[in-house]
Every structure is written in structure tokens, then in C-alpha cells.
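Engineer: Would you mind keeping the following structure in view while I ask a few things?
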Amino acid sequence: MMNVLWAGMILVGIIFASFTGRIPDITEAALDSAKEAVTLCITMVGIMSFWTGLMEIASRAGMIEHASRGLKPFIKFLFPQIPKGHKAGEHITTNIIANVLGLGWAATPAGLKAMEELSKLEEDRRAGRALGPIRKQGIASNEMCNFLILNISSLQLIPVNVIAFRSQYGSVDPAAIVGAGIVATTISTAAGILFCKIMDRKKTRRA
């Protein structure tokens, strides 16, 4: 559907430019946008590499492990049916830490691994090797839905990506977004957690 929408907008733009004599403007805009895209990618790769490197240093220094222990009560509260010591909990914790630090891109690998482990957990439940509600194959579990909501609404203390975008496009004070970002993501995370718990309770009552 998205491909159709984008293709339609591009086609409408070209047709409009043809009838208004602005094809040269379209060509110039396309070239400028391509140049900006490459420049932005180089900037973001550098920033992502820097923060991912810091995450690796923190991991080897034991800081991530220490933070993970502090988050265990929160993980248990939000994902009560994940077995103790399951790998999914470890990847979820890493994803949360990366998101809180504003490392959205660095959080993606941990998020994908968490979803893989949650999928394996569902297979174990269907095979009788793990406790929990059993769902048909292809239906997302409560844990998957909760994790997705938490990942999307995640609290961010340092919105690194947004700061980088603002810096790239000439903002006078790129870091001015930090305060507003903390407030907005705190509200979104609280709303996401509340929604997850309400839906979990409704599903439990139906069961």
C-alpha cells in the first residue's frame, strides 16, 4: 500500500510539473535531495558508530549487566509470563537501555533478537515445553505486543538521532529538544504501559 501511495505522489508530481513547465525544478530538487540524503547518512553513520561503540564499552565494563539487574523488576512487571532467565528478557533489557539513551538504530538488533526469542517461546508453549497461554501460529503473543508498544513509546533521556538531524539542518541549539523529548516520551511510555496492563487484564478475564 505504501509503495502505491509513494508511486502515486511521484507520478502526480511529474504530471503537474510537466503541465506547469517545472520539470527543470523537479530535476534540480531530485539532485539536491540525493546529495542531502548522502550527507545525512554519513553524519548518522558516524553518530551511530560512536554511540554503539560506547554501548559496547559499557557492556564490556559490566555497566549494561548492572543496569539489566536494576531493570529486572520492571521487566517482570511488564512481562510476567516470560520464564526467569529466558534470553528474551536479556534482549528486551538491552533494547530498553539503548532506547532510553536515544540510540534507536543501535536498539534495533536487540529488538529483533528479542522478537525471535519471544517467537521461540511461543513454539515451546505450543510444544508443551513452557508455561503460558497457547496461541495459534502466526498470532502475536501478549509479550510480543507489549514489547512492540514499549519499543515504540520508549522513554528517551538523550534523543541522539533527533539532535543529529537538527544539527545537520542548521539548528542554532540542536540539544534544545532534550527537555521536551523527555516529557513527551515519559507520557507516551506511561500511556503505553497502562494500555498493555489493561489489555492483559481483559485477555486474562476472557480466558
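Each chain of the C-alpha cells is named A, B, ... in the order shown, its residues numbered from 1; ligands are numbered from 1 in display order.
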Enumerate, in order of chain and increasing residue number, the residues of region 121-163 of chain A with an atom no farther than 12 Å from region 24-45 of chain A, each with its shortest atom pair and distance in Å to one decimal, counting only C-alpha atoms, as a Markdown table.

Structural biologist:
| residue | atom | partner | partner_atom | distance |
| --- | --- | --- | --- | --- |
| A:Val160 | CA | A:Met44 | CA | 9.6 |
| A:Asn161 | CA | A:Met44 | CA | 7.5 |
| A:Val162 | CA | A:Met44 | CA | 10.2 |
| A:Ile163 | CA | A:Met44 | CA | 10.4 |

Engineer: Residues at most 9 Å from Ser68 (chain A), counting only C-alpha atoms, excluding those fewer than 4 positions away in the same chain, as a list in words?

Structural biologist: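 With the cut-off at 9 Å, the set is Met63, Ile64, Lys72, Glu90, Thr93, Thr94 and Ile97 of chain A.
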
Engineer: Can you tell me, as a list in words, what residues are no more than 6 Å from Leu101 (chain A) when counting only C-alpha atoms, ignoring any on the same chain fewer than 5 positions away?

Structural biologist: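 Here the qualifying residues turn out to be Gln156, Leu157 and Ile158 of chain A.
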
Engineer: Could those selected residues go to a file with N, CA and C atoms, as a compact mmCIF listing (two decimals), in the first residue's frame?

Structural biologist:
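Listed below is the output, result36.txt:
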# COMPACT_ATOMS: atom_id res chain seq x y z
N GLN A 156 13.08 8.41 26.32
CA GLN A 156 14.41 8.78 25.82
C GLN A 156 14.96 9.93 26.64
N LEU A 157 16.10 9.70 27.26
CA LEU A 157 16.76 10.75 28.01
C LEU A 157 17.61 11.64 27.10
N ILE A 158 18.21 11.01 26.09
CA ILE A 158 19.05 11.75 25.14
C ILE A 158 18.62 11.37 23.73

Engineer: Applying 12 Å and only C-alpha atoms, which residues near Phe77 (chain A) remain after dropping the ones on its own chain fewer than 6 positions away? List them as an MDAnalysis selection string.

Structural biologist: chainID A and resid 71 89 143 146 193:194 196:197 200

Engineer: For Pro109 (chain A), please output as a VMD selection string all residues within 12 Å (counting only C-alpha atoms; exclusion window: fewer than 3 positions along the same chain).

Structural biologist: chain A and resid 52 91 to 92 94 to 96 98 to 99 103 to 106 112 to 116

Engineer: Once you have the residues from the selection above, write them out as a compact mmCIF listing (two decimals), in the first residue's frame, restricted to N, CA and C atoms.

Structural biologist:
# COMPACT_ATOMS: atom_id res chain seq x y z
N THR A 52 27.19 3.36 19.45
CA THR A 52 27.23 1.89 19.51
C THR A 52 28.54 1.44 20.14
N HIS A 91 17.48 -9.62 25.94
CA HIS A 91 17.44 -8.77 24.74
C HIS A 91 16.46 -7.60 24.92
N ILE A 92 15.35 -7.84 25.60
CA ILE A 92 14.39 -6.75 25.87
C ILE A 92 15.05 -5.68 26.72
N THR A 94 18.30 -4.98 26.96
CA THR A 94 19.29 -4.26 26.14
C THR A 94 18.61 -3.25 25.23
N ASN A 95 17.50 -3.66 24.65
CA ASN A 95 16.74 -2.77 23.77
C ASN A 95 16.23 -1.55 24.53
N ILE A 96 15.72 -1.76 25.75
CA ILE A 96 15.20 -0.65 26.56
C ILE A 96 16.31 0.33 26.90
N ALA A 98 19.15 0.89 25.31
CA ALA A 98 19.56 1.61 24.10
C ALA A 98 18.53 2.68 23.74
N ASN A 99 17.25 2.36 23.87
CA ASN A 99 16.21 3.34 23.56
C ASN A 99 16.21 4.51 24.53
N LEU A 103 19.38 5.72 21.38
CA LEU A 103 20.08 5.02 20.30
C LEU A 103 19.12 4.11 19.55
N GLY A 104 18.16 4.72 18.88
CA GLY A 104 17.13 3.95 18.19
C GLY A 104 17.68 2.92 17.24
N TRP A 105 18.69 3.30 16.44
CA TRP A 105 19.26 2.36 15.48
C TRP A 105 20.03 1.25 16.19
N ALA A 106 20.75 1.60 17.24
CA ALA A 106 21.51 0.59 17.98
C ALA A 106 20.58 -0.36 18.73
N LEU A 112 15.12 -7.05 17.45
CA LEU A 112 14.86 -8.18 16.55
C LEU A 112 15.17 -9.51 17.24
N LYS A 113 16.27 -9.54 18.00
CA LYS A 113 16.61 -10.77 18.73
C LYS A 113 15.56 -11.09 19.80
N ALA A 114 15.05 -10.04 20.44
CA ALA A 114 14.01 -10.24 21.45
C ALA A 114 12.76 -10.86 20.82
N MET A 115 12.37 -10.35 19.65
CA MET A 115 11.20 -10.90 18.96
C MET A 115 11.44 -12.35 18.54
N GLU A 116 12.66 -12.67 18.12
CA GLU A 116 12.99 -14.05 17.75
C GLU A 116 12.85 -14.98 18.95

Engineer: Counting only C-alpha atoms, figure out which residue out of A:Met55, A:Ile134, A:Val12, A:Ala164 gets nearest to Ala176 (chain A).

Structural biologist: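 Smallest separation from Ala176 (chain A) among the options: A:Ala164.
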
Engineer: Per DSSP on the backbone, what are the helix (DSSP H, G or I) residues of region 3-172 of chain A, as a PyMOL selection string?

Structural biologist: chain A and resi 3-20+23-60+63-78+87-100+104-126+142-152+160-168

Engineer: In Å, how far is it from CA of Ile47 (chain A) to CA of Tyr169 (chain A)?

Structural biologist: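 We find that CA of Ile47 (chain A) and CA of Tyr169 (chain A) lie 15.1 Å from each other.
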
Engineer: When you draw a straight line from CA of Thr189 (chain A) to CA of Ile177 (chain A), how long is it in Å?

Structural biologist: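 Distance between the two atoms: 17.5 Å.
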
Engineer: Could you check the closest approach to Arg125 (chain A) for each of A:Ala67, A:Ile82, A:Ala7, A:Ala190 and tell me which residue wins, using only C-alpha atoms?

Structural biologist: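 For Arg125 (chain A), the nearest of the given residues is A:Ile82.
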
Engineer: Please provide as a ChimeraX atom specification all residues within 9 Å of Arg135 (chain A), with the sequence filter that same-chain residues fewer than 4 positions apart are discarded (counting only C-alpha atoms).

Structural biologist: /A:122,125-126,139-141

Engineer: Considering only C-alpha atoms, can you say which of A:Glu56, A:Glu117, A:Glu65, A:Asp173 comes closest to Pro83 (chain A)?

Structural biologist: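 Smallest distance to Pro83 (chain A) is found for A:Glu117.
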
Engineer: Find the residue from A:Ser119, A:Ser59, A:Ala110, A:Trp51 that sits nearest to Pro159 (chain A); use only C-alpha atoms when measuring.

Structural biologist: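 Using only C-alpha atoms, Pro159 (chain A) sits closest to A:Trp51.
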
Engineer: Hey, can you check how far CA of Thr20 (chain A) sits from CA of Met2 (chain A)?

Structural biologist: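 Computed distance, CA of Thr20 (chain A) to CA of Met2 (chain A), equals 27.0 Å.
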